[in-house]
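As provided, work-v8.txt (compact mmCIF, C-alpha atoms) reads as follows.
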```
# COMPACT_ATOMS: atom_id res chain seq x y z
CA MET A 222 227.75 45.75 296.29
CA ALA A 223 228.55 42.12 295.62
CA GLY A 224 227.21 40.50 292.47
CA PRO A 225 224.72 37.67 292.45
CA SER A 226 225.96 34.53 294.15
CA VAL A 227 226.94 31.73 291.78
CA LYS A 228 224.83 29.28 293.74
CA LEU A 229 221.57 31.22 293.38
CA PRO A 230 220.37 29.66 290.08
CA ASP A 231 220.98 26.16 291.45
CA PHE A 232 219.26 27.06 294.71
CA LEU A 233 216.18 28.44 292.93
CA ALA A 234 216.07 25.47 290.55
CA ARG A 235 215.99 23.10 293.54
CA LEU A 236 213.16 25.13 295.08
CA ALA A 237 211.20 25.02 291.84
CA GLU A 238 211.46 21.21 291.81
CA SER A 239 210.93 20.74 295.51
CA PRO A 240 209.56 23.87 297.24
CA CYS A 241 209.34 22.34 300.71
CA CYS A 242 212.54 22.85 302.73
CA ALA A 243 213.29 21.04 305.98
CA ALA A 244 213.78 23.28 309.03
CA ILE A 245 216.25 21.41 311.22
CA THR A 246 216.11 22.04 314.96
CA SER A 247 217.50 18.74 316.30
CA ASP A 248 219.70 15.76 315.41
CA ALA A 249 216.57 13.64 314.93
CA HIS A 250 215.31 16.19 312.43
CA LEU A 251 218.59 16.02 310.56
CA GLU A 252 218.44 12.24 310.22
CA ALA A 253 214.80 12.38 309.08
CA ALA A 254 215.56 15.10 306.54
CA LEU A 255 218.56 13.20 305.15
CA ALA A 256 216.33 10.19 304.63
CA SER A 257 213.55 12.25 303.05
CA THR A 258 213.04 13.63 299.56
CA VAL A 259 213.55 17.30 300.53
CA SER A 260 216.28 18.92 298.51
CA THR A 261 217.21 21.75 300.88
CA LEU A 262 217.87 21.72 304.61
CA PHE A 263 217.72 24.85 306.78
CA ILE A 264 219.87 24.43 309.89
CA LEU A 265 218.26 26.48 312.67
CA ARG A 266 220.00 24.98 315.71
CA GLY A 267 223.37 23.44 316.49
CA ASP A 268 227.01 24.27 316.89
CA GLY A 269 228.18 26.57 314.13
CA LEU A 270 231.80 25.69 314.89
CA GLU A 271 231.21 21.99 314.18
CA LEU A 272 229.22 22.29 310.99
CA ARG A 273 231.63 20.90 308.43
CA PRO A 274 230.82 17.17 308.93
CA VAL A 275 227.09 17.98 308.88
CA VAL A 276 227.43 19.93 305.65
CA ARG A 277 229.44 17.06 304.13
CA ARG A 278 226.70 14.56 305.00
CA ILE A 279 223.99 16.81 303.56
CA HIS A 280 225.93 17.31 300.34
CA ALA A 281 226.69 13.58 300.13
CA ALA A 282 222.92 13.02 300.22
CA GLY A 283 222.61 15.32 297.20
CA LYS A 284 220.97 18.13 299.13
CA LEU A 285 221.71 21.82 299.70
CA VAL A 286 222.24 23.40 303.10
CA ALA A 287 221.30 26.83 304.43
CA VAL A 288 222.42 27.92 307.89
CA HIS A 289 220.71 30.47 310.13
CA LEU A 290 223.59 32.58 311.36
CA ASP A 291 221.54 34.31 314.08
CA LEU A 292 220.24 31.11 315.67
CA ILE A 293 223.16 28.67 315.71
CA ASP A 294 225.56 28.57 318.62
CA GLY A 295 229.22 29.54 318.58
CA LEU A 296 229.22 32.12 315.79
CA ARG A 297 228.68 35.84 316.01
CA PRO A 298 226.68 37.27 313.11
CA ASP A 299 229.53 39.10 311.39
CA ARG A 300 231.72 38.86 308.28
CA THR A 301 234.25 36.51 309.84
CA ALA A 302 231.51 34.05 310.72
CA ILE A 303 230.25 34.27 307.15
CA ALA A 304 233.72 33.40 305.85
CA TRP A 305 233.76 30.47 308.30
CA LEU A 306 230.43 29.17 306.95
CA ALA A 307 231.69 29.53 303.37
CA ARG A 308 234.73 27.44 304.27
CA ALA A 309 232.46 24.81 305.80
CA GLY A 310 230.78 24.49 302.41
CA VAL A 311 227.44 26.04 303.33
CA ASP A 312 225.30 26.98 300.31
CA ALA A 313 223.16 29.72 301.83
CA VAL A 314 223.12 31.91 304.91
CA ILE A 315 219.97 33.18 306.60
CA SER A 316 220.05 36.25 308.82
CA SER A 317 217.93 39.15 309.98
CA HIS A 318 221.06 41.33 309.71
CA GLY A 319 220.61 42.82 306.27
CA GLN A 320 224.00 44.51 306.32
CA LEU A 321 225.63 41.06 306.13
CA MET A 322 223.99 40.09 302.84
CA PRO A 323 226.70 41.61 300.58
CA ALA A 324 229.36 39.67 302.53
CA VAL A 325 227.35 36.45 302.09
CA ARG A 326 227.18 37.01 298.34
CA ARG A 327 230.88 37.89 298.14
CA GLU A 328 231.56 34.45 299.58
CA ASN A 329 229.46 32.96 296.75
CA MET A 330 226.70 31.81 299.04
CA VAL A 331 223.02 32.63 298.71
CA GLY A 332 221.95 35.44 301.04
CA ILE A 333 218.54 34.99 302.65
CA HIS A 334 217.28 37.99 304.60
CA ARG A 335 214.55 37.33 307.15
CA LEU A 336 211.62 39.74 307.17
CA LEU A 337 209.68 39.50 310.41
CA LEU A 338 206.02 40.39 310.06
CA THR A 339 204.83 42.00 313.30
CA ARG A 340 202.77 45.09 312.77
CA ARG A 341 202.11 47.67 310.10
CA GLY A 342 204.23 50.38 311.72
CA LEU A 343 207.32 48.18 311.55
CA LEU A 344 206.62 46.71 308.13
CA ASP A 345 207.88 49.73 306.20
CA SER A 346 211.23 49.78 308.01
CA GLY A 347 211.55 46.02 307.51
CA LEU A 348 210.86 46.37 303.80
CA SER A 349 213.37 49.21 303.49
CA ALA A 350 216.00 47.06 305.19
CA VAL A 351 215.25 44.20 302.81
CA THR A 352 215.53 46.49 299.79
CA ARG A 353 218.81 47.96 301.04
CA SER A 354 220.35 44.61 301.89
CA GLY A 355 220.41 43.32 298.32
CA ALA A 356 219.56 39.80 299.50
CA ASP A 357 219.10 37.02 296.97
CA ILE A 358 215.99 35.73 298.72
CA VAL A 359 213.67 37.12 301.40
CA GLU A 360 212.17 34.78 303.96
CA VAL A 361 208.98 36.08 305.60
CA LEU A 362 207.97 34.94 309.08
CA PRO A 363 205.49 33.78 310.19
CA GLY A 364 205.06 32.41 306.69
CA VAL A 365 201.65 30.93 307.34
CA ILE A 366 200.08 34.40 307.32
CA LEU A 367 201.53 35.34 303.92
CA PRO A 368 198.17 34.74 302.17
CA ASP A 369 196.47 36.94 304.81
CA VAL A 370 198.87 39.87 304.49
CA ARG A 371 200.05 39.62 300.88
CA ALA A 372 198.08 42.77 300.02
CA LEU A 373 200.08 44.73 302.60
CA LEU A 374 203.39 43.78 300.99
CA PRO A 375 204.64 45.58 297.90
CA ARG A 376 205.91 43.52 295.00
CA LEU A 377 209.50 42.65 295.80
CA ASP A 378 212.13 42.04 293.14
CA VAL A 379 213.55 39.04 294.99
CA PRO A 380 212.05 35.57 295.46
CA LEU A 381 210.09 35.00 298.67
CA LEU A 382 210.41 32.07 301.01
CA ALA A 383 207.94 31.58 303.85
CA GLY A 384 208.57 29.86 307.17
CA GLY A 385 206.81 29.57 310.50
CA PHE A 386 203.64 27.68 311.54
CA ILE A 387 203.31 25.96 308.14
CA ARG A 388 202.15 22.57 309.34
CA THR A 389 199.70 21.24 306.77
CA GLU A 390 199.80 20.64 303.05
CA MET A 391 196.89 23.05 302.65
CA GLU A 392 198.82 25.82 304.39
CA ALA A 393 201.91 25.13 302.29
CA ARG A 394 199.90 25.28 299.09
CA ALA A 395 198.19 28.52 300.16
CA VAL A 396 201.56 30.12 300.89
CA LEU A 397 202.96 29.04 297.51
CA ALA A 398 199.82 30.35 295.81
CA ALA A 399 200.40 33.68 297.57
CA GLY A 400 203.69 34.03 295.74
CA ALA A 401 206.34 32.20 297.77
CA VAL A 402 208.83 30.12 295.80
CA GLY A 403 209.28 27.79 298.75
CA VAL A 404 208.32 27.04 302.32
CA THR A 405 210.45 26.02 305.28
CA THR A 406 208.88 23.75 307.85
CA SER A 407 209.87 21.46 310.69
CA THR A 408 206.77 19.31 310.12
CA GLU A 409 208.31 16.10 308.85
CA SER A 410 205.15 14.82 307.18
CA LEU A 411 205.31 17.82 304.84
CA TRP A 412 208.82 17.01 303.68
CA ALA A 413 207.45 14.27 301.49
CA ALA A 414 204.52 16.33 300.18
CA ARG A 415 204.37 16.80 296.42
CA LEU A 416 203.57 20.50 296.24
CA VAL A 417 204.31 21.01 292.54
CA MET B 255 181.80 46.26 322.23
CA GLU B 256 184.30 47.70 324.70
CA VAL B 257 186.86 50.05 323.21
CA GLY B 258 190.17 50.98 324.79
CA ILE B 259 193.38 52.63 323.64
CA LEU B 260 196.85 51.12 323.46
CA LEU B 261 199.56 53.76 323.89
CA ARG B 262 202.78 52.80 322.14
CA ASP B 263 205.76 54.37 320.36
CA LEU B 264 205.50 57.67 322.19
CA ASP B 265 207.68 59.55 324.65
CA LEU B 266 207.31 59.87 328.38
CA MET B 267 205.98 63.47 328.32
CA THR B 268 203.31 62.60 325.77
CA LEU B 269 202.36 59.50 327.73
CA ILE B 270 201.92 61.60 330.86
CA SER B 271 199.77 64.22 329.13
CA VAL B 272 197.57 61.59 327.45
CA ALA B 273 197.14 59.59 330.65
CA GLU B 274 196.40 62.72 332.71
CA ALA B 275 193.50 63.44 330.37
CA GLY B 276 191.99 60.14 331.54
CA SER B 277 193.52 56.75 332.12
CA GLU B 278 190.27 54.78 331.91
CA GLY B 279 190.51 52.13 329.19
CA ILE B 280 194.17 52.84 328.51
CA ALA B 281 196.86 50.20 328.07
CA VAL B 282 200.56 50.95 327.65
CA ASP B 283 203.22 49.09 325.68
CA LEU B 284 205.95 49.69 328.24
CA ASP B 285 208.76 48.54 325.92
CA SER B 286 208.08 51.32 323.42
CA VAL B 287 207.95 54.49 325.53
CA ASP B 288 210.98 56.73 324.93
CA GLY B 289 212.53 57.83 328.18
CA LEU B 290 210.85 55.16 330.28
CA ASN B 291 212.66 51.98 331.22
CA ALA B 292 210.73 48.72 330.96
CA ASP B 293 211.48 47.73 334.55
CA ASN B 294 209.67 47.62 337.87
CA ALA B 295 210.14 51.35 338.48
CA GLY B 296 208.75 52.16 335.03
CA ALA B 297 205.74 49.92 335.60
CA ARG B 298 205.19 51.35 339.09
CA PHE B 299 205.16 54.86 337.63
CA VAL B 300 202.70 53.96 334.87
CA MET B 301 200.35 52.19 337.27
CA GLY B 302 200.74 54.33 340.38
CA ARG B 303 201.21 57.84 339.01
CA LEU B 304 199.31 57.59 335.75
CA GLY B 305 196.60 55.16 336.85
CA VAL B 306 197.07 52.81 333.91
CA ARG B 307 195.62 49.35 334.69
CA VAL B 308 196.90 47.35 331.70
CA VAL B 309 200.61 47.08 330.92
CA MET B 310 202.10 45.12 328.05
CA THR B 311 205.76 44.10 327.87
CA ARG B 312 208.01 41.46 326.35
CA ARG B 313 209.47 40.80 329.83
CA PRO B 314 207.54 38.03 331.60
CA ALA B 315 208.85 38.93 335.08
CA LEU B 316 207.70 42.50 334.60
CA ALA B 317 204.23 41.34 333.55
CA ALA B 318 204.10 39.29 336.78
CA PHE B 319 205.14 42.39 338.74
CA VAL B 320 202.23 44.27 337.16
CA ALA B 321 199.86 41.48 338.21
CA ASP B 322 201.26 41.58 341.76
CA ALA B 323 200.26 45.24 341.85
CA GLY B 324 196.68 44.27 341.06
CA CYS B 325 196.75 45.32 337.40
CA LEU B 326 196.68 43.27 334.21
CA GLY B 327 200.10 42.35 332.86
CA LEU B 328 200.35 41.18 329.27
CA VAL B 329 203.36 39.25 327.98
CA HIS B 330 204.04 40.29 324.39
CA VAL B 331 204.95 37.21 322.38
CA LEU B 332 206.33 37.55 318.87
CA ALA B 333 205.00 34.39 317.28
CA PHE B 334 207.15 33.76 314.22
CA ASP B 335 207.37 29.97 314.39
CA SER B 336 206.31 27.09 316.60
CA THR B 337 209.74 26.72 318.21
CA GLY B 338 209.83 30.39 319.15
CA LEU B 339 206.30 30.26 320.51
CA THR B 340 207.14 27.26 322.67
CA ARG B 341 210.24 28.99 324.06
CA ALA B 342 208.31 32.18 324.77
CA LEU B 343 205.59 30.30 326.62
CA GLU B 344 208.15 28.46 328.74
CA ASN B 345 208.99 31.84 330.29
CA HIS B 346 205.39 32.99 330.65
CA PRO B 347 204.39 33.37 334.33
CA ASP B 348 201.07 31.60 333.51
CA ARG B 349 199.24 32.91 336.54
CA GLN B 350 196.18 34.96 337.39
CA GLY B 351 196.48 38.53 336.15
CA VAL B 352 198.96 37.84 333.35
CA GLY B 353 197.66 37.42 329.82
CA THR B 354 199.26 37.10 326.39
CA VAL B 355 199.63 39.43 323.43
CA ILE B 356 200.31 37.59 320.18
CA SER B 357 201.98 39.37 317.26
CA PRO B 358 201.26 39.31 314.41
CA GLY B 359 197.56 38.93 315.21
CA PRO B 360 196.52 36.87 312.15
CA VAL B 361 198.80 34.02 313.24
CA LEU B 362 196.20 33.14 315.90
CA SER B 363 193.94 31.78 313.15
CA HIS B 364 196.64 29.27 312.25
CA LEU B 365 197.43 27.97 315.71
CA THR B 366 196.21 24.53 316.68
CA ALA B 367 193.77 23.94 319.52
CA GLY B 368 196.73 22.66 321.53
CA ASP B 369 198.68 25.88 320.89
CA LEU B 370 195.72 28.01 321.91
CA GLU B 371 195.20 26.06 325.12
CA ARG B 372 198.77 26.85 326.14
CA LEU B 373 198.24 30.62 325.81
CA PRO B 374 197.37 32.16 329.19
CA ARG B 375 194.30 34.38 328.89
CA PRO B 376 193.28 37.02 328.23
CA ILE B 377 194.66 36.74 324.71
CA VAL B 378 195.19 39.91 322.68
CA ALA B 379 195.77 39.79 318.91
CA TYR B 380 198.13 42.60 317.90
CA GLY B 381 199.58 43.67 314.58
CA LEU B 382 198.72 43.35 310.87
CA ILE B 383 194.98 43.26 311.53
CA ASP B 384 193.93 45.50 308.69
CA THR B 385 190.21 44.95 308.15
CA PRO B 386 187.14 44.83 310.42
CA GLY B 387 186.33 41.39 308.98
CA ARG B 388 189.68 39.99 310.03
CA ALA B 389 189.38 41.66 313.43
CA ARG B 390 185.94 40.11 313.97
CA GLN B 391 187.26 36.71 312.93
CA LEU B 392 190.17 37.03 315.38
CA LEU B 393 187.76 38.03 318.15
CA THR B 394 186.31 34.52 317.90
CA ILE B 395 189.71 33.31 319.17
CA ALA B 396 191.17 36.25 321.09
CA ASP B 397 189.64 38.21 323.93
CA SER B 398 190.74 41.49 322.41
CA VAL B 399 192.30 42.90 319.24
CA VAL B 400 194.54 45.90 318.66
CA VAL B 401 193.71 47.70 315.41
CA GLY B 402 194.41 51.02 313.73
CA PRO B 403 191.92 53.90 313.70
CA ASP B 404 190.23 53.07 310.37
CA CYS B 405 189.73 49.45 311.28
CA ALA B 406 188.49 50.43 314.75
CA ARG B 407 185.89 52.75 313.21
CA GLY B 408 184.71 49.95 310.92
CA LEU B 409 184.47 47.55 313.85
CA VAL B 410 182.48 49.96 315.98
CA GLU B 411 180.17 50.84 313.06
CA GLY B 412 179.60 47.15 312.38
CA ALA B 413 178.80 46.50 316.04
CA ARG B 414 176.33 49.42 316.02
CA VAL B 415 174.53 48.09 312.92
CA ASN B 416 174.29 44.60 314.41
CA ARG B 417 172.95 45.83 317.75
```

For this file, produce the structure as structure tokens.
Amino acid sequence: MAGPSVKLPDFLARLAESPCCAAITSDAHLEAALASTVSTLFILRGDGLELRPVVRRIHAAGKLVAVHLDLIDGLRPDRTAIAWLARAGVDAVISSHGQLMPAVRRENMVGIHRLLLTRRGLLDSGLSAVTRSGADIVEVLPGVILPDVRALLPRLDVPLLAGGFIRTEMEARAVLAAGAVGVTTSTESLWAARLV
Amino acid sequence: MEVGILLRDLDLMTLISVAEAGSEGIAVDLDSVDGLNADNAGARFVMGRLGVRVVMTRRPALAAFVADAGCLGLVHVLAFDSTGLTRALENHPDRQGVGTVISPGPVLSHLTAGDLERLPRPIVAYGLIDTPGRARQLLTIADSVVVGPDCARGLVEGARVNR
């Protein structure tokens, strides 16, 4: 298994300072996030083959960039695509494919494994997959229900992010209080929220 | 309180034997039956041969087919984020006889009034509803909830006490 990614401490330090991450689903979102105080951008839409200039702009603004490998166009979620993202300068890769996490870490990027909360019967298999994957961070979706279902989740050894339907400061605070180290949201008004 | 049974994660032979014992109040998650394809033929079999009146599926066109046959079709929507919910609802037939299952159930409490208005009814909350209290709270939003046996017992007991 790959060792911890070199970028993880920096990534977690940024989250500790600024736990609200911008979920980018459009060009307008990107511009708003670049102009905002958020320190980390999660790219959830766009052309994965044309990412390099976007990554450069984000880094030039002093921010980190995570890319959702399963949602962007043009790239298949496999090891070659991970190498491509590493070459583009991406800091972290998000995927529901746990088996890709070691490859992400080998490329010195932060591996974020998505855990989809659906129903109890599927939770155990999801948690096993997360444990096996050796991800640096686990992102639970929909994050807004984390406070409701925290008791159903065992204590995980990796930091938790929460994304999905987090649209108010109160919800973001509740999710952080439930144990998440950060939230991802496309609600622009939250990007400026002082949550710590 | 009306109580029904959702049959899911079972195989075709078991589905047949359970439904033959009585299909009243039974719903089937068509996507999760081993040996049965989630297509029109599968739905026709479940409705016509087994007498099931409520069929849930992630395929909107199939839910519409179920409604065309005079039964209740339920589109199963995995609501992980607002973008995904919007996309899922774009494909919803949004017509008489086709409702919406939202998973995980507790997310319904966090949807805005605008979100809820867009969900074709009946609305079913499904998944990660672990206590009778949460189920009762979700029943103020949803028309129905899917819960495990322990939670169902608690709900029914509570309803009996309050009668």

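For chain B, the residues within 6 Å of chain A are Phe334, Asp335, Ser336, Ser357, Pro358, Gly381 and Leu382 of chain B, with all atoms listed in the file used to measure distance.
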
Grab the residues selected above and save them as an mmCIF file, in the frame of the given file with C-alpha atoms.
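Contents of part.cif, as written:
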```cif
data_model
loop_
_atom_site.group_PDB
_atom_site.id
_atom_site.type_symbol
_atom_site.label_atom_id
_atom_site.label_comp_id
_atom_site.auth_asym_id
_atom_site.auth_seq_id
_atom_site.Cartn_x
_atom_site.Cartn_y
_atom_site.Cartn_z
ATOM 1 C CA PHE B 334 207.150 33.760 314.220
ATOM 2 C CA ASP B 335 207.370 29.970 314.390
ATOM 3 C CA SER B 336 206.310 27.090 316.600
ATOM 4 C CA SER B 357 201.980 39.370 317.260
ATOM 5 C CA PRO B 358 201.260 39.310 314.410
ATOM 6 C CA GLY B 381 199.580 43.670 314.580
ATOM 7 C CA LEU B 382 198.720 43.350 310.870
#
```

Within 9 Å of region 279-285 of chain A, which residues of region 301-373 of chain A show up? Give each one with its shortest atom-to-atom distance in Å (one decimal) and the two atoms involved, counting all atoms listed in the file, rows by chain then rising residue number, as CSV.
```
residue,atom,partner,partner_atom,distance
A:Gly310,CA,A:His280,CA,8.9
A:Val311,CA,A:Leu285,CA,8.0
A:Asp312,CA,A:Leu285,CA,6.3
A:Ala313,CA,A:Leu285,CA,8.3
```

Residues within 9 Å of His346 (chain B), please, as a short mmCIF file (atom, residue, chain, number, x, y, z; two decimals) with C-alpha atoms, in the frame of the given file. Count only C-alpha atoms; anything in the same chain fewer than 5 positions from it doesn't count.
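For reference, around.cif as written:
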```cif
data_model
loop_
_atom_site.label_atom_id
_atom_site.label_comp_id
_atom_site.auth_asym_id
_atom_site.auth_seq_id
_atom_site.Cartn_x
_atom_site.Cartn_y
_atom_site.Cartn_z
CA ARG B 313 209.47 40.80 329.83
CA PRO B 314 207.54 38.03 331.60
CA ALA B 315 208.85 38.93 335.08
CA ALA B 317 204.23 41.34 333.55
CA ALA B 318 204.10 39.29 336.78
CA VAL B 329 203.36 39.25 327.98
CA VAL B 352 198.96 37.84 333.35
CA GLY B 353 197.66 37.42 329.82
CA THR B 354 199.26 37.10 326.39
CA LEU B 373 198.24 30.62 325.81
CA PRO B 374 197.37 32.16 329.19
#
```

*Around (182.5, 48.2, 326.4) in the file's frame, which residues reach within 12 Å when counting only C-alpha atoms? Return as a VMD selection string?*
chain B and resid 255 to 258 278 to 279 398 410 413

*For Leu272 (chain A), which of A:Cys241, A:Leu290, A:Leu306, A:Leu255 is the closest residue, counting all atoms listed in the file?*
A:Leu306

_Length of the CA of Leu229 (chain A) to CA of Arg297 (chain A) vector [Å]_ =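 Distance reported for this atom pair: 24.2 Å.
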
*Can you tell me, as an MDAnalysis selection string, what residues are no more than 7 Å from region 289-301 of chain B when counting all atoms listed in the file, ignoring any on the same chain fewer than 3 positions away?*
chainID B and resid 265:266 284:285 304:307 316 319:320

*What does the distance from CA of Arg349 (chain B) to CA of Ala321 (chain B) come to in Å, to one decimal?*
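Between CA of Arg349 (chain B) and CA of Ala321 (chain B) the gap is 8.8 Å.
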
_What's the separation between CA of Trp305 (chain A) and CA of Arg335 (chain A), in Å to one decimal place?_
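Distance between the two atoms: 20.4 Å.
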
Model the absent atoms of region 309-324 of chain A so that N, CA, C and O atoms are present, and write the result as a compact mmCIF listing (two decimals), keeping the file's coordinate frame.
```
# COMPACT_ATOMS: atom_id res chain seq x y z
N ALA A 309 233.10 26.08 305.42
CA ALA A 309 232.46 24.81 305.80
C ALA A 309 231.65 24.22 304.65
O ALA A 309 231.16 23.10 304.75
N GLY A 310 231.49 25.01 303.58
CA GLY A 310 230.78 24.49 302.41
C GLY A 310 229.30 24.79 302.37
O GLY A 310 228.56 24.25 301.54
N VAL A 311 228.87 25.69 303.25
CA VAL A 311 227.44 26.04 303.33
C VAL A 311 227.00 26.72 302.02
O VAL A 311 227.76 27.49 301.43
N ASP A 312 225.79 26.41 301.57
CA ASP A 312 225.30 26.98 300.31
C ASP A 312 224.59 28.31 300.49
O ASP A 312 224.61 29.15 299.58
N ALA A 313 223.93 28.49 301.63
CA ALA A 313 223.16 29.72 301.83
C ALA A 313 223.20 30.11 303.30
O ALA A 313 223.29 29.24 304.18
N VAL A 314 223.12 31.40 303.54
CA VAL A 314 223.12 31.91 304.91
C VAL A 314 221.86 32.73 305.13
O VAL A 314 221.52 33.59 304.31
N ILE A 315 221.18 32.44 306.23
CA ILE A 315 219.97 33.18 306.60
C ILE A 315 220.33 34.10 307.76
O ILE A 315 221.01 33.69 308.69
N SER A 316 219.82 35.33 307.70
CA SER A 316 220.05 36.25 308.82
C SER A 316 219.03 37.38 308.77
O SER A 316 218.51 37.71 307.70
N SER A 317 218.76 37.94 309.93
CA SER A 317 217.93 39.15 309.98
C SER A 317 218.81 40.39 309.86
O SER A 317 218.29 41.50 309.81
N HIS A 318 220.13 40.20 309.84
CA HIS A 318 221.06 41.33 309.71
C HIS A 318 221.31 41.61 308.23
O HIS A 318 222.18 41.01 307.61
N GLY A 319 220.53 42.53 307.70
CA GLY A 319 220.61 42.82 306.27
C GLY A 319 221.98 43.28 305.82
O GLY A 319 222.40 43.00 304.69
N GLN A 320 222.70 43.96 306.72
CA GLN A 320 224.00 44.51 306.32
C GLN A 320 225.01 43.41 306.02
O GLN A 320 226.06 43.67 305.43
N LEU A 321 224.70 42.17 306.40
CA LEU A 321 225.63 41.06 306.13
C LEU A 321 225.40 40.42 304.76
O LEU A 321 226.22 39.61 304.31
N MET A 322 224.32 40.76 304.11
CA MET A 322 223.99 40.09 302.84
C MET A 322 225.08 40.28 301.76
O MET A 322 225.44 39.30 301.08
N PRO A 323 225.63 41.49 301.59
CA PRO A 323 226.70 41.61 300.58
C PRO A 323 227.89 40.69 300.89
O PRO A 323 228.47 40.10 299.97
N ALA A 324 228.23 40.55 302.16
CA ALA A 324 229.36 39.67 302.53
C ALA A 324 229.02 38.21 302.20
O ALA A 324 229.88 37.45 301.74
```
